[in-house]
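Undergrad: Below you will find the structure I want to go over with you.
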Amino acid sequence: MKKLILLVCICMFARFTCAQETTVQQIVEDLLESMGDELSDDIDIQEILEDLEYLRQNPLHINSVTVDGLKQLHLLSEIQISNLMSFREKTGTIYSIYELAAIDGFTPDLLQKIEPFIDFEIQETFAAGKRSDGDWLMRSTRTFSPDNAKYEGAPERYYIRFRQTQANYQYGFVAEKDPGESFFSQSNRHGFDYNSAFANLRLGQAGSRIFLGDYHVRFGQGLVAWQGFSMGKSAETIQNFKSNDGIKSYSSTDENQFFRGVAAQLKYRQFTFYPFLARNKLDASIDTLSDVPYFGAFQTSGYHRTGSEIAGENTLTQWTGGGHVTYAYERWAFGLTTIYNRFNMEMDRSDEPYNQFLPEGKDHLAVGFDWKGSVKNAFVFGELAFSKNSGRSLLTGILVKPAPNAELSVVYRNMNKTYFSYFSNAFAESSRINDEQAIYLGIKVLPAAAWSIAAYVDFFRHQWIKYLTAAPSSGTELLAQVTFSPNRKTSFYLRYFQEKKEQRFTSGSFKYNDEQLINRIRFNFSHRLSERISVKSRAEFSFYSKQSRETGFLILQDVNYSPEEKPFSLNGRLAYFRTDGYNSRLYAYESDLLYSFSIPAQYGNGIRTYLNFRQQFGSQFTVWLKVATTQQFNQGDGELSSTASAKSEIKVQLRYQF
């Protein structure tokens, strides 16, 4: 009875919901929730958040923007960018968003997403005197939980960021203290545990730049070097191509996915050169053998709260050098990437079977050749890479348009057991890019006005033991989604996801592979009731089986209220979830503070609520506040028990723009 009352309350809550214009947070939410696999809070999407927020305040001039500028949208594929540039060359000045609808691939949904970030002003000359934009951001987070662990420092998280941007230069810094880390005391007397600084300077009018401090590199299809967020398999079933982003300054808080040193982007005619050199201090578990130090694994959490975490902080030095060169000719581009890294001590991995073919020692080298280009109605791309110890890897794909309302994508991957790069992040099943043979098929069809169908299937196998298997294994993953958007205010989608693969099962001292099957079904409805109020409702179900079975479901109601010509906005969520265990957990993206996000795993039996408030003071100051609570109930006899535990979180953020 209590559950029935709760579900009725959730449904009634929809009557008091609210809406907003397409925002940066909404774009990122759509992007991440299109992913069919599990999401986690360690996904680094801060660059996307920063780029879109900057473009919201400084829109792209669609009549003069370059290809590199369009990539900052993170919403357009290479083909769509190429089609837009060709359309502009043929038609001349573009005067409105309605003209873009004539470009192949620019659907009404896509136009609605990019509209807040573009304008149609005509700028024929480079505005060298453009004023600079300054931005200070300060954030504090505190989690309240009865089972908080005892660490060296306080449970608060502190974050501060400064950025100054002008047409010819950009510089800034980031500092962060994680929960449990000390602050101006004990092992961290200098204050923030993590400090980062960056700067880049434009050279001439051709787009060349020099980078100092922290930066990241993204080349080819990610087989050799791709740092930061990378879109994998998702409901955007034909967006499998990685656009060569080159080098960008780094201002995120992930303490692993960047280089610290000097780099450049140098353009000469059809060539672009990207040399770089870096020296990074890494966290690692250090041991000695005959008084000679060595390390067996990296510590990548970024936390320095306990004795072992503090002991491993900055104990390893890594030198990295290399470069990339791209040659562009008409609708084709070819690139060559080389990256070499050396540690100040030997790497000696554990004797586990899954480590047998992975590199050890002090140094490592990887080289890759990549390509992309168009042939009539087909777009082809790929990368062929080599590493030490006869490592070979191939990723190649094609995107074709078999009919005016349909697109088809095929991606083939073949990575042998000895291939490895410390900086790879390619389109693949495994996060570690080695030992994988796979074929991916994706399709997107627009069968009628307001309808779209997207689906993919991925067949993969591994010839050797992986971290979670006991023998060579194989698997299949598929996703299908039907979307109906009758107008700009209303959208429905129904999504089905299935993953079937072999995983390790332990019975006493005997280990063997057994099939693990995960099925998820999601129904999502969003509607804008007025210019001020919108609503999103969702029901999702999870089914898990491997030796035992688990089921789970999640129902949620989002509220968004953004009054016109008012300096404040509100949004919130009420959700109820129940799963038989962690294996049947469900994820749902949460709106958060600017440049922040949250994707908590929901499992067990409970209620999740949060409320976001944003208040602007004049044109320079903005304050955000988020309060979130998870109420967990003990399960007993099919009813909610009187005993429960709660975990609450509060976040406060201040922004000053000048």
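We label chains A, B, ... in the order they appear in the structure tokens, count residues from 1 in each chain, and number ligands from 1 in the order shown.
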Range 199-207 of chain A: which residues within 6 Å, counting only C-alpha atoms, same-chain residues fewer than 3 positions away excluded, as an MDAnalysis selection string?
TA: chainID A and resid 168:171 210:212
Undergrad: What's around range 84-89 of chain A at 9 Å? Count only C-alpha atoms, leave out sequence neighbours fewer than 2 positions away in its own chain, and write the answer as a compact mmCIF listing (two decimals) with all heavy atoms, in the first residue's frame.
TA:
```
# COMPACT_ATOMS: atom_id res chain seq x y z
N ILE A 62 27.78 31.88 -38.14
CA ILE A 62 27.66 30.77 -39.08
C ILE A 62 28.17 31.15 -40.47
O ILE A 62 28.55 30.27 -41.25
CB ILE A 62 26.20 30.29 -39.14
CG1 ILE A 62 26.13 28.81 -39.57
CG2 ILE A 62 25.36 31.17 -40.06
CD1 ILE A 62 26.65 27.85 -38.55
N ASN A 63 28.23 32.44 -40.79
CA ASN A 63 28.68 32.86 -42.11
C ASN A 63 30.19 33.03 -42.21
O ASN A 63 30.71 33.30 -43.30
CB ASN A 63 27.99 34.18 -42.50
CG ASN A 63 26.54 33.97 -42.88
OD1 ASN A 63 26.24 33.32 -43.87
ND2 ASN A 63 25.64 34.52 -42.08
N THR A 66 34.90 28.69 -38.99
CA THR A 66 35.76 27.69 -39.63
C THR A 66 35.33 26.28 -39.23
O THR A 66 34.49 26.09 -38.35
CB THR A 66 37.22 27.91 -39.22
OG1 THR A 66 37.34 27.70 -37.80
CG2 THR A 66 37.68 29.32 -39.57
N VAL A 67 35.96 25.30 -39.85
CA VAL A 67 35.69 23.90 -39.50
C VAL A 67 36.05 23.63 -38.05
O VAL A 67 35.30 22.98 -37.32
CB VAL A 67 36.48 22.96 -40.43
CG1 VAL A 67 36.39 21.51 -39.94
CG2 VAL A 67 35.95 23.06 -41.86
N ILE A 79 30.61 14.76 -41.55
CA ILE A 79 29.83 14.89 -42.78
C ILE A 79 28.94 16.12 -42.71
O ILE A 79 28.82 16.88 -43.68
CB ILE A 79 28.99 13.63 -43.02
CG1 ILE A 79 29.91 12.43 -43.29
CG2 ILE A 79 28.04 13.81 -44.19
CD1 ILE A 79 29.19 11.14 -43.52
N GLN A 80 28.29 16.34 -41.58
CA GLN A 80 27.41 17.50 -41.43
C GLN A 80 28.20 18.81 -41.54
O GLN A 80 27.72 19.77 -42.15
CB GLN A 80 26.67 17.42 -40.09
CG GLN A 80 25.62 16.32 -40.05
CD GLN A 80 25.14 16.03 -38.64
OE1 GLN A 80 25.87 16.22 -37.67
NE2 GLN A 80 23.90 15.56 -38.52
N ILE A 81 29.39 18.84 -40.96
CA ILE A 81 30.24 20.03 -41.08
C ILE A 81 30.62 20.27 -42.54
O ILE A 81 30.56 21.39 -43.04
CB ILE A 81 31.49 19.88 -40.20
CG1 ILE A 81 31.11 19.92 -38.71
CG2 ILE A 81 32.50 20.98 -40.51
CD1 ILE A 81 32.27 19.68 -37.77
N SER A 82 31.00 19.19 -43.22
CA SER A 82 31.38 19.31 -44.64
C SER A 82 30.19 19.78 -45.47
O SER A 82 30.34 20.64 -46.36
CB SER A 82 31.88 17.96 -45.15
OG SER A 82 32.17 18.02 -46.53
N THR A 91 25.67 28.90 -51.74
CA THR A 91 24.55 29.84 -51.60
C THR A 91 24.98 31.22 -51.14
O THR A 91 24.21 32.18 -51.23
CB THR A 91 23.52 29.29 -50.60
OG1 THR A 91 24.13 29.15 -49.31
CG2 THR A 91 23.00 27.94 -51.07
N GLY A 92 26.19 31.34 -50.57
CA GLY A 92 26.62 32.63 -50.04
C GLY A 92 26.10 32.84 -48.63
O GLY A 92 26.06 31.91 -47.83
N THR A 93 25.69 34.05 -48.34
CA THR A 93 25.26 34.40 -46.99
C THR A 93 24.03 33.60 -46.55
O THR A 93 23.07 33.46 -47.30
CB THR A 93 24.94 35.90 -46.89
OG1 THR A 93 26.09 36.64 -47.31
CG2 THR A 93 24.58 36.29 -45.47
N ILE A 94 24.09 33.09 -45.31
CA ILE A 94 22.96 32.38 -44.70
C ILE A 94 22.31 33.35 -43.73
O ILE A 94 22.97 33.91 -42.85
CB ILE A 94 23.44 31.11 -43.97
CG1 ILE A 94 24.19 30.19 -44.95
CG2 ILE A 94 22.26 30.37 -43.34
CD1 ILE A 94 24.85 29.01 -44.29
N LEU A 100 19.23 26.49 -42.94
CA LEU A 100 20.05 25.33 -42.60
C LEU A 100 19.27 24.03 -42.74
O LEU A 100 19.86 22.96 -42.87
CB LEU A 100 20.58 25.46 -41.16
CG LEU A 100 21.52 26.64 -40.88
CD1 LEU A 100 21.98 26.61 -39.43
CD2 LEU A 100 22.72 26.62 -41.81
N ALA A 102 17.75 23.06 -45.17
CA ALA A 102 17.94 22.52 -46.52
C ALA A 102 19.22 21.71 -46.65
O ALA A 102 19.43 21.05 -47.67
CB ALA A 102 17.94 23.67 -47.53
N ILE A 103 20.07 21.73 -45.63
CA ILE A 103 21.34 21.00 -45.68
C ILE A 103 21.10 19.54 -45.31
O ILE A 103 20.42 19.24 -44.32
CB ILE A 103 22.37 21.63 -44.74
CG1 ILE A 103 22.58 23.10 -45.08
CG2 ILE A 103 23.69 20.87 -44.79
CD1 ILE A 103 23.51 23.83 -44.13
N ASP A 104 21.67 18.66 -46.07
CA ASP A 104 21.52 17.23 -45.82
C ASP A 104 22.06 16.87 -44.44
O ASP A 104 23.20 17.19 -44.10
CB ASP A 104 22.27 16.44 -46.89
CG ASP A 104 21.92 14.95 -46.86
OD1 ASP A 104 20.88 14.59 -46.29
OD2 ASP A 104 22.72 14.17 -47.41
N PHE A 106 20.75 17.95 -41.51
CA PHE A 106 20.33 18.93 -40.51
C PHE A 106 18.84 18.77 -40.24
O PHE A 106 17.99 19.44 -40.82
CB PHE A 106 20.67 20.35 -40.97
CG PHE A 106 22.11 20.71 -40.77
CD1 PHE A 106 23.11 20.10 -41.52
CD2 PHE A 106 22.49 21.63 -39.82
CE1 PHE A 106 24.45 20.41 -41.34
CE2 PHE A 106 23.83 21.95 -39.61
CZ PHE A 106 24.81 21.34 -40.37
```
Undergrad: Could you give me, as a PyMOL selection string, each residue of range 386-536 of chain A that DSSP assigns to strand (DSSP E) when run on this structure's backbone?
TA: chain A and resi 386-387+391-403+406-415+436-445+451-462+473-484+490-507+510-528+533-536
Undergrad: Tell me, as an MDAnalysis selection string, which residues lie within 6 Å of Gly606 in chain A, counting only C-alpha atoms; anything in the same chain fewer than 5 positions away does not count.
TA: chainID A and resid 576:577 631:633
Undergrad: Please produce an output containing all heavy atoms for each residue in the selection, written as a PDB file, in the first residue's frame.
TA:
```
ATOM      1  N   TYR A 576      11.718   7.101  -7.649  1.00  0.00           N
ATOM      2  CA  TYR A 576      11.643   5.904  -6.808  1.00  0.00           C
ATOM      3  C   TYR A 576      12.307   4.758  -7.561  1.00  0.00           C
ATOM      4  O   TYR A 576      12.081   4.564  -8.757  1.00  0.00           O
ATOM      5  CB  TYR A 576      10.195   5.543  -6.489  1.00  0.00           C
ATOM      6  CG  TYR A 576      10.062   4.217  -5.759  1.00  0.00           C
ATOM      7  CD1 TYR A 576      10.498   4.082  -4.446  1.00  0.00           C
ATOM      8  CD2 TYR A 576       9.526   3.098  -6.402  1.00  0.00           C
ATOM      9  CE1 TYR A 576      10.393   2.874  -3.777  1.00  0.00           C
ATOM     10  CE2 TYR A 576       9.416   1.882  -5.737  1.00  0.00           C
ATOM     11  CZ  TYR A 576       9.852   1.774  -4.431  1.00  0.00           C
ATOM     12  OH  TYR A 576       9.756   0.571  -3.769  1.00  0.00           O
ATOM     13  N   PHE A 577      13.149   3.984  -6.865  1.00  0.00           N
ATOM     14  CA  PHE A 577      13.840   2.870  -7.503  1.00  0.00           C
ATOM     15  C   PHE A 577      13.799   1.646  -6.593  1.00  0.00           C
ATOM     16  O   PHE A 577      13.741   1.752  -5.361  1.00  0.00           O
ATOM     17  CB  PHE A 577      15.298   3.238  -7.823  1.00  0.00           C
ATOM     18  CG  PHE A 577      16.097   3.678  -6.624  1.00  0.00           C
ATOM     19  CD1 PHE A 577      16.812   2.767  -5.855  1.00  0.00           C
ATOM     20  CD2 PHE A 577      16.133   5.017  -6.256  1.00  0.00           C
ATOM     21  CE1 PHE A 577      17.536   3.175  -4.754  1.00  0.00           C
ATOM     22  CE2 PHE A 577      16.862   5.433  -5.152  1.00  0.00           C
ATOM     23  CZ  PHE A 577      17.562   4.516  -4.395  1.00  0.00           C
ATOM     24  N   GLN A 631      17.189   8.324  -0.017  1.00  0.00           N
ATOM     25  CA  GLN A 631      16.619   7.647   1.150  1.00  0.00           C
ATOM     26  C   GLN A 631      16.523   6.164   0.832  1.00  0.00           C
ATOM     27  O   GLN A 631      15.768   5.749  -0.046  1.00  0.00           O
ATOM     28  CB  GLN A 631      15.225   8.207   1.460  1.00  0.00           C
ATOM     29  CG  GLN A 631      14.602   7.700   2.742  1.00  0.00           C
ATOM     30  CD  GLN A 631      15.100   8.427   3.983  1.00  0.00           C
ATOM     31  OE1 GLN A 631      15.767   9.445   3.851  1.00  0.00           O
ATOM     32  NE2 GLN A 631      14.797   7.922   5.146  1.00  0.00           N
ATOM     33  N   GLN A 632      17.328   5.364   1.511  1.00  0.00           N
ATOM     34  CA  GLN A 632      17.346   3.919   1.295  1.00  0.00           C
ATOM     35  C   GLN A 632      16.475   3.235   2.346  1.00  0.00           C
ATOM     36  O   GLN A 632      16.589   3.496   3.534  1.00  0.00           O
ATOM     37  CB  GLN A 632      18.775   3.379   1.388  1.00  0.00           C
ATOM     38  CG  GLN A 632      19.655   3.716   0.199  1.00  0.00           C
ATOM     39  CD  GLN A 632      19.469   2.759  -0.964  1.00  0.00           C
ATOM     40  OE1 GLN A 632      18.674   1.821  -0.897  1.00  0.00           O
ATOM     41  NE2 GLN A 632      20.206   2.992  -2.036  1.00  0.00           N
ATOM     42  N   PHE A 633      15.594   2.325   1.888  1.00  0.00           N
ATOM     43  CA  PHE A 633      14.732   1.564   2.779  1.00  0.00           C
ATOM     44  C   PHE A 633      15.200   0.123   2.855  1.00  0.00           C
ATOM     45  O   PHE A 633      15.621  -0.456   1.842  1.00  0.00           O
ATOM     46  CB  PHE A 633      13.281   1.584   2.294  1.00  0.00           C
ATOM     47  CG  PHE A 633      12.701   2.964   2.185  1.00  0.00           C
ATOM     48  CD1 PHE A 633      12.609   3.592   0.954  1.00  0.00           C
ATOM     49  CD2 PHE A 633      12.256   3.632   3.307  1.00  0.00           C
ATOM     50  CE1 PHE A 633      12.081   4.856   0.839  1.00  0.00           C
ATOM     51  CE2 PHE A 633      11.718   4.905   3.212  1.00  0.00           C
ATOM     52  CZ  PHE A 633      11.626   5.517   1.972  1.00  0.00           C
TER      53      PHE A 633
END
```
Undergrad: With distances taken over only C-alpha atoms, which of A:Tyr561, A:Phe497, A:Tyr159, A:Trp451 is nearest to Arg532 in chain A?
TA: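 Checking each of A:Tyr561, A:Phe497, A:Tyr159, A:Trp451 against Arg532 in chain A, counting only C-alpha atoms, the winner is A:Tyr561.
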Undergrad: If I take CA of Ser473 in chain A and CA of Tyr412 in chain A, how far is one from the other in Å, to one decimal?
TA: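 So the answer is 17.9 Å.
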Undergrad: Excluding Glu429 in chain A and residues on its chain fewer than 6 positions from it, collect all residues at most 10 Å away from it, counting only C-alpha atoms, and give them as a list in words.
TA: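 With the cut-off at 10 Å, the set is Gly232, Lys233, Arg413, Glu436, Gln437, Ala438, Asp458, Phe459, Phe460, Arg461, Gly475, Thr476 and Glu477 of chain A.
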Undergrad: List the neighbours of Arg488 in chain A out to 12 Å using only C-alpha atoms; skip same-chain residues closer than 2 positions along the sequence, and give me the result as a list of chain:residue names.
TA: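 Those residues are A:Glu21, A:Thr22, A:Pro108, A:Asp109, A:Leu110, A:Leu111, A:Gln112, A:Lys113, A:Ala450, A:Phe484, A:Ser485, A:Pro486, A:Thr490, A:Ser491, A:Phe492, A:Ser526, A:His527, A:Arg528, A:Leu529, A:Ser530, A:Glu531, A:Ser534.
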Undergrad: Residues of the last selection are to be written out with C-alpha atoms, as an mmCIF file, in the first residue's frame.
TA:
```cif
data_model
loop_
_atom_site.group_PDB
_atom_site.id
_atom_site.type_symbol
_atom_site.label_atom_id
_atom_site.label_comp_id
_atom_site.auth_asym_id
_atom_site.auth_seq_id
_atom_site.Cartn_x
_atom_site.Cartn_y
_atom_site.Cartn_z
ATOM 1 C CA GLU A 21 14.862 26.690 -23.254
ATOM 2 C CA THR A 22 17.430 24.320 -24.712
ATOM 3 C CA PRO A 108 14.680 19.686 -36.984
ATOM 4 C CA ASP A 109 15.949 18.104 -33.758
ATOM 5 C CA LEU A 110 19.559 19.007 -34.587
ATOM 6 C CA LEU A 111 18.623 22.568 -35.568
ATOM 7 C CA GLN A 112 16.795 23.016 -32.277
ATOM 8 C CA LYS A 113 19.917 21.913 -30.392
ATOM 9 C CA ALA A 450 8.306 13.304 -36.519
ATOM 10 C CA PHE A 484 8.406 10.388 -31.855
ATOM 11 C CA SER A 485 8.569 14.190 -31.776
ATOM 12 C CA PRO A 486 5.296 15.615 -33.101
ATOM 13 C CA THR A 490 6.872 17.141 -27.139
ATOM 14 C CA SER A 491 9.085 14.087 -27.507
ATOM 15 C CA PHE A 492 8.718 10.377 -26.679
ATOM 16 C CA SER A 526 9.292 15.166 -22.245
ATOM 17 C CA HIS A 527 6.966 18.070 -22.852
ATOM 18 C CA ARG A 528 7.101 21.831 -22.649
ATOM 19 C CA LEU A 529 3.874 23.027 -21.072
ATOM 20 C CA SER A 530 4.678 26.683 -21.643
ATOM 21 C CA GLU A 531 7.643 28.984 -22.187
ATOM 22 C CA SER A 534 8.477 21.720 -18.896
#
```
Undergrad: Find the spatial neighbours of Asn344 in chain A, counting only C-alpha atoms, within a cut-off of 10 Å - ignore same-chain residues fewer than 3 positions away - and output them as a list in words.
TA: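 My list of contacting residues is Pro293, Tyr294, Thr315, Leu316, Thr317, Gln318, Trp319, Met347, Lys362 and Asp363 of chain A.
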Undergrad: Considering only C-alpha atoms, state which residue in the set A:Pro404, A:Gly361, A:Pro600, A:Gly153 is at the smallest distance from Asn389 in chain A.
TA: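 Distance minimum relative to Asn389 in chain A lands on A:Gly361.
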Undergrad: Got a sec: who's within 9 Å of range 648-658 of chain A, counting only C-alpha atoms, leaving out chain neighbours fewer than 5 positions off, as an MDAnalysis selection string?
TA: chainID A and resid 132:145 592:594 619:631
Undergrad: Between CA of Phe597 in chain A and CA of Ser452 in chain A, what is the distance, to one decimal in Å?
TA: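 It comes out at 28.0 Å.
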Undergrad: Do you have the CA of Ile453 in chain A-CA of Phe241 in chain A distance handy?
TA: 19.8 Å
Undergrad: Would you mind writing down, as a PyMOL selection string, each residue of range 303-491 of chain A that DSSP on the backbone assigns to alpha helix (DSSP H)?
TA: chain A and resi 307-311
Undergrad: Rank nothing, just name the residue among A:Phe568, A:Phe541, A:Phe379, A:Phe259 nearest to Arg279 in chain A, using only C-alpha atoms.
TA: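 The shortest atom-to-atom distance to Arg279 in chain A comes from A:Phe259.
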